[in-house]
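Okay, data.cif now, which holds mmCIF, C-alpha atoms:
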data_protein
#
loop_
_atom_site.group_PDB
_atom_site.id
_atom_site.type_symbol
_atom_site.label_atom_id
_atom_site.label_comp_id
_atom_site.auth_asym_id
_atom_site.auth_seq_id
_atom_site.Cartn_x
_atom_site.Cartn_y
_atom_site.Cartn_z
ATOM 1 C CA MET A 514 -6.072 13.442 -35.429
ATOM 2 C CA ILE A 515 -5.014 11.899 -32.121
ATOM 3 C CA VAL A 516 -6.536 11.509 -28.666
ATOM 4 C CA VAL A 517 -4.309 11.568 -25.602
ATOM 5 C CA THR A 518 -5.803 9.907 -22.528
ATOM 6 C CA ASN A 519 -4.420 10.265 -19.031
ATOM 7 C CA ARG A 520 -5.945 7.484 -16.876
ATOM 8 C CA ILE A 521 -5.770 8.589 -13.232
ATOM 9 C CA PRO A 522 -6.612 6.410 -10.197
ATOM 10 C CA VAL A 523 -8.176 8.828 -7.706
ATOM 11 C CA SER A 524 -8.422 7.704 -4.060
ATOM 12 C CA LYS A 525 -11.863 7.331 -2.517
ATOM 13 C CA GLY A 526 -12.863 10.509 -0.730
ATOM 14 C CA HIS A 527 -10.849 12.747 -3.075
ATOM 15 C CA GLU A 528 -13.161 12.657 -6.093
ATOM 16 C CA ILE A 529 -14.798 16.044 -5.490
ATOM 17 C CA ASP A 530 -11.447 17.781 -4.957
ATOM 18 C CA PHE A 531 -10.032 16.139 -8.093
ATOM 19 C CA GLU A 532 -13.010 17.199 -10.227
ATOM 20 C CA ASP A 533 -12.920 20.712 -8.775
ATOM 21 C CA ARG A 534 -9.297 21.123 -9.944
ATOM 22 C CA PHE A 535 -10.482 20.654 -13.534
ATOM 23 C CA LYS A 536 -13.483 22.930 -13.126
ATOM 24 C CA ARG A 537 -11.116 25.672 -11.922
ATOM 25 C CA ARG A 538 -8.316 25.020 -14.439
ATOM 26 C CA VAL A 539 -6.754 28.012 -16.171
ATOM 27 C CA HIS A 540 -7.481 26.731 -19.722
ATOM 28 C CA LEU A 541 -3.928 27.197 -20.986
ATOM 29 C CA VAL A 542 -4.159 24.060 -23.139
ATOM 30 C CA ASP A 543 -7.193 25.537 -24.906
ATOM 31 C CA ARG A 544 -4.898 28.093 -26.580
ATOM 32 C CA ALA A 545 -2.244 25.598 -27.696
ATOM 33 C CA PRO A 546 -1.789 25.275 -31.485
ATOM 34 C CA GLY A 547 -3.493 22.126 -32.740
ATOM 35 C CA PHE A 548 -5.615 21.640 -29.610
ATOM 36 C CA LEU A 549 -9.203 20.640 -30.423
ATOM 37 C CA ARG A 550 -11.034 19.423 -27.336
ATOM 38 C CA ASN A 551 -10.711 18.432 -23.667
ATOM 39 C CA GLU A 552 -12.949 16.121 -21.609
ATOM 40 C CA VAL A 553 -12.837 14.776 -18.061
ATOM 41 C CA HIS A 554 -14.543 11.382 -17.631
ATOM 42 C CA ARG A 555 -15.709 10.239 -14.193
ATOM 43 C CA PRO A 556 -15.544 6.477 -13.596
ATOM 44 C CA ARG A 557 -18.815 4.684 -13.029
ATOM 45 C CA PRO A 558 -17.935 1.144 -11.911
ATOM 46 C CA MET A 559 -20.605 -1.270 -13.084
ATOM 47 C CA LYS A 560 -20.920 -5.030 -13.235
ATOM 48 C CA PHE A 561 -23.123 -7.236 -15.343
ATOM 49 C CA ASP A 562 -25.509 -9.643 -13.602
ATOM 50 C CA HIS A 563 -25.541 -12.600 -16.009
ATOM 51 C CA GLU A 564 -28.414 -14.307 -14.208
ATOM 52 C CA HIS A 565 -30.783 -11.357 -14.679
ATOM 53 C CA GLY A 566 -29.199 -9.714 -17.730
ATOM 54 C CA THR A 567 -28.899 -6.360 -15.987
ATOM 55 C CA TRP A 568 -26.177 -3.849 -15.155
ATOM 56 C CA ASN A 569 -25.693 -2.837 -11.534
ATOM 57 C CA GLU A 570 -23.532 -0.293 -9.737
ATOM 58 C CA ASP A 571 -20.376 -1.899 -8.315
ATOM 59 C CA PRO A 572 -19.649 -0.255 -4.936
ATOM 60 C CA GLU A 573 -16.391 -2.236 -4.709
ATOM 61 C CA GLY A 574 -15.250 -1.128 -8.175
ATOM 62 C CA GLU A 575 -12.435 1.353 -8.618
ATOM 63 C CA GLY A 576 -12.286 2.877 -12.044
ATOM 64 C CA TYR A 577 -9.958 5.475 -13.433
ATOM 65 C CA TYR A 578 -10.740 9.079 -14.201
ATOM 66 C CA GLU A 579 -9.850 9.773 -17.825
ATOM 67 C CA ILE A 580 -8.611 13.149 -18.994
ATOM 68 C CA LYS A 581 -8.840 13.211 -22.795
ATOM 69 C CA THR A 582 -7.421 15.812 -25.149
ATOM 70 C CA TRP A 583 -7.905 15.801 -28.921
ATOM 71 C CA TRP A 584 -5.132 17.158 -31.162
ATOM 72 C CA ARG A 585 -4.745 17.741 -34.906
ATOM 73 C CA THR A 586 -1.348 15.987 -34.864
ATOM 74 C CA PHE A 587 0.945 14.180 -32.463
ATOM 75 C CA GLU A 588 3.516 16.930 -33.082
ATOM 76 C CA ASP A 589 1.007 19.525 -31.777
ATOM 77 C CA PHE A 590 0.646 17.510 -28.572
ATOM 78 C CA VAL A 591 4.427 17.169 -28.165
ATOM 79 C CA ALA A 592 4.858 20.916 -28.702
ATOM 80 C CA TRP A 593 2.309 21.538 -25.922
ATOM 81 C CA THR A 594 4.212 19.261 -23.513
ATOM 82 C CA GLN A 595 7.419 21.207 -24.206
ATOM 83 C CA SER A 596 5.868 24.651 -23.762
ATOM 84 C CA PRO A 597 6.115 27.055 -20.813
ATOM 85 C CA ALA A 598 2.286 27.017 -20.674
ATOM 86 C CA PHE A 599 2.347 23.228 -20.058
ATOM 87 C CA ASN A 600 4.785 23.729 -17.175
ATOM 88 C CA GLU A 601 2.567 26.450 -15.743
ATOM 89 C CA ALA A 602 -0.594 24.329 -16.109
ATOM 90 C CA HIS A 603 1.074 21.462 -14.216
ATOM 91 C CA SER A 604 2.881 23.524 -11.555
ATOM 92 C CA ASN A 605 0.276 23.248 -8.775
ATOM 93 C CA ARG A 606 0.515 19.501 -8.091
ATOM 94 C CA PRO A 607 -2.204 17.894 -5.955
ATOM 95 C CA PRO A 608 -1.279 16.032 -2.757
ATOM 96 C CA LYS A 609 0.000 12.467 -3.261
ATOM 97 C CA GLU A 610 -2.778 11.018 -1.104
ATOM 98 C CA MET A 611 -5.287 12.096 -3.766
ATOM 99 C CA PHE A 612 -4.125 9.118 -5.863
ATOM 100 C CA ARG A 613 -4.145 5.371 -5.267
ATOM 101 C CA GLY A 614 -1.462 4.577 -7.809
ATOM 102 C CA ALA A 615 0.324 5.779 -10.915
ATOM 103 C CA ASN A 616 -1.422 7.337 -13.873
ATOM 104 C CA VAL A 617 -1.276 5.813 -17.363
ATOM 105 C CA LEU A 618 -0.844 7.958 -20.463
ATOM 106 C CA GLU A 619 -2.155 6.579 -23.775
ATOM 107 C CA VAL A 620 -2.030 8.036 -27.286
ATOM 108 C CA HIS A 621 -4.442 6.860 -29.992
ATOM 109 C CA GLU A 622 -4.892 7.824 -33.618
ATOM 110 C CA ILE A 623 -8.483 8.204 -34.743
ATOM 111 C CA VAL A 624 -9.186 5.699 -37.491
ATOM 112 C CA THR A 625 -12.919 6.277 -37.801
ATOM 113 C CA SER A 626 -15.497 8.341 -35.946
ATOM 114 C CA THR A 627 -19.273 8.602 -35.707
ATOM 115 C CA ASP A 628 -20.854 12.041 -35.629
ATOM 116 C CA LEU A 629 -23.142 11.936 -32.603
ATOM 117 C CA ASP A 630 -24.639 15.333 -33.448
ATOM 118 C CA ARG A 631 -26.169 14.198 -36.730
ATOM 119 C CA GLU A 632 -29.914 14.468 -37.151
ATOM 120 C CA ARG A 633 -31.645 11.443 -35.648
#
Represent the supplied structure as structure tokens.
Amino acid sequence: MIVVTNRIPVSKGHEIDFEDRFKRRVHLVDRAPGFLRNEVHRPRPMKFDHEHGTWNEDPEGEGYYEIKTWWRTFEDFVAWTQSPAFNEAHSNRPPKEMFRGANVLEVHEIVTSTDLDRER
């Protein structure tokens, strides 16, 4: 199993519009062979106060949104990126000013996992 993460630097003031695009998405990836799961992670910039041992919001911090998709195999992901559905899903590009830099795409293989739904 692999996880593909697209790290996206969204400009301040465009967060709601960016999130809304994913809430309104057409779910084409959901039907792709080998697709397992999709998540959108909102950044929450925090900093650690060593003096007090506490975490505090960092209003100056600029995190990345992370769009994560889980796939059975890397080949399933590649097939999705070469499909007409992928082209359709990515055809309505947002305005350039929505971003404060380039995105970063990362692929990871899952080595081990903890089941968070287990009985506590």
Stretch 515-572 of chain A residues near stretch 618-628 of chain A within 7 Å, closest pair each, using only C-alpha atoms, as a tab-separated table:
residue	atom	partner	partner_atom	distance
A:Ile515	CA	A:Glu622	CA	4.3
A:Val516	CA	A:His621	CA	5.3
A:Val517	CA	A:Val620	CA	4.5
A:Thr518	CA	A:Glu619	CA	5.1
A:Asn519	CA	A:Leu618	CA	4.5
A:Arg520	CA	A:Leu618	CA	6.3
Could you turn the residues from that selection into a file that holds C-alpha atoms, as a PDB file, in the coordinates of the input?
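File again-v4.pdb, as written:
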ATOM      1  CA  ILE A 515      -5.014  11.899 -32.121  1.00  0.00           C
ATOM      2  CA  VAL A 516      -6.536  11.509 -28.666  1.00  0.00           C
ATOM      3  CA  VAL A 517      -4.309  11.568 -25.602  1.00  0.00           C
ATOM      4  CA  THR A 518      -5.803   9.907 -22.528  1.00  0.00           C
ATOM      5  CA  ASN A 519      -4.420  10.265 -19.031  1.00  0.00           C
ATOM      6  CA  ARG A 520      -5.945   7.484 -16.876  1.00  0.00           C
TER       7      ARG A 520
END
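The shortest atom-to-atom distance to A:Arg534, with all atoms listed in the file taken into account, belongs to A:Ala602 out of A:Ala602, A:Met559, A:Leu549, A:Met514.
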Exercise on stretch 568-583 of chain A, axis-aligned box with 8 Å per side, report centre and edge lengths in Å to one decimal, as AutoDock Vina command-line options:
--center_x -16.8 --center_y 6.0 --center_z -16.8 --size_x 34.8 --size_y 35.7 --size_z 40.2
If we count only C-alpha atoms, what is near A:Trp568 at a cut-off of 12 Å, once residues fewer than 4 positions away on the same chain are taken out, given as a PyMOL selection string? chain A and resi 557-564
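Of note, atom CA of A:Ser596 and atom CA of A:Glu610 are spaced 27.8 Å apart.
Shell of A:Val523 at 9 Å, with only C-alpha atoms counted and residues fewer than 3 places along the chain excluded, is Gly526, His527, Glu528, Phe531, Glu575, Gly576, Tyr577, Tyr578, Glu610, Met611, Phe612, Arg613 and Gly614 of chain A.
When atom CA of A:Pro522 is paired with atom CA of A:Pro607, their separation reads 13.0 Å.
With distances restricted to all atoms listed in the file, A:Ala545 is the closest residue to A:Pro597 from A:Arg555, A:Pro572, A:Ala545, A:His565.
Using all atoms listed in the file for every distance, the candidate list A:Glu552, A:Asn600, A:Arg537, A:Thr594 yields A:Glu552 as the residue closest to A:Glu579.
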Within 12 Å of A:Phe599, counting only C-alpha atoms, which residues show up once you throw out same-chain ones fewer than 2 positions away? Write them as number ranges by chain, please. A: 539-545, 590-597, 601-605
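Here atom CA of A:Ser524 stands at a distance of 27.6 Å from atom CA of A:Thr567.
When all atoms listed in the file are used to measure the gap to A:Thr582, the shortest distance among A:Gly566, A:Lys525, A:Asn551, A:Glu532 belongs to A:Asn551.
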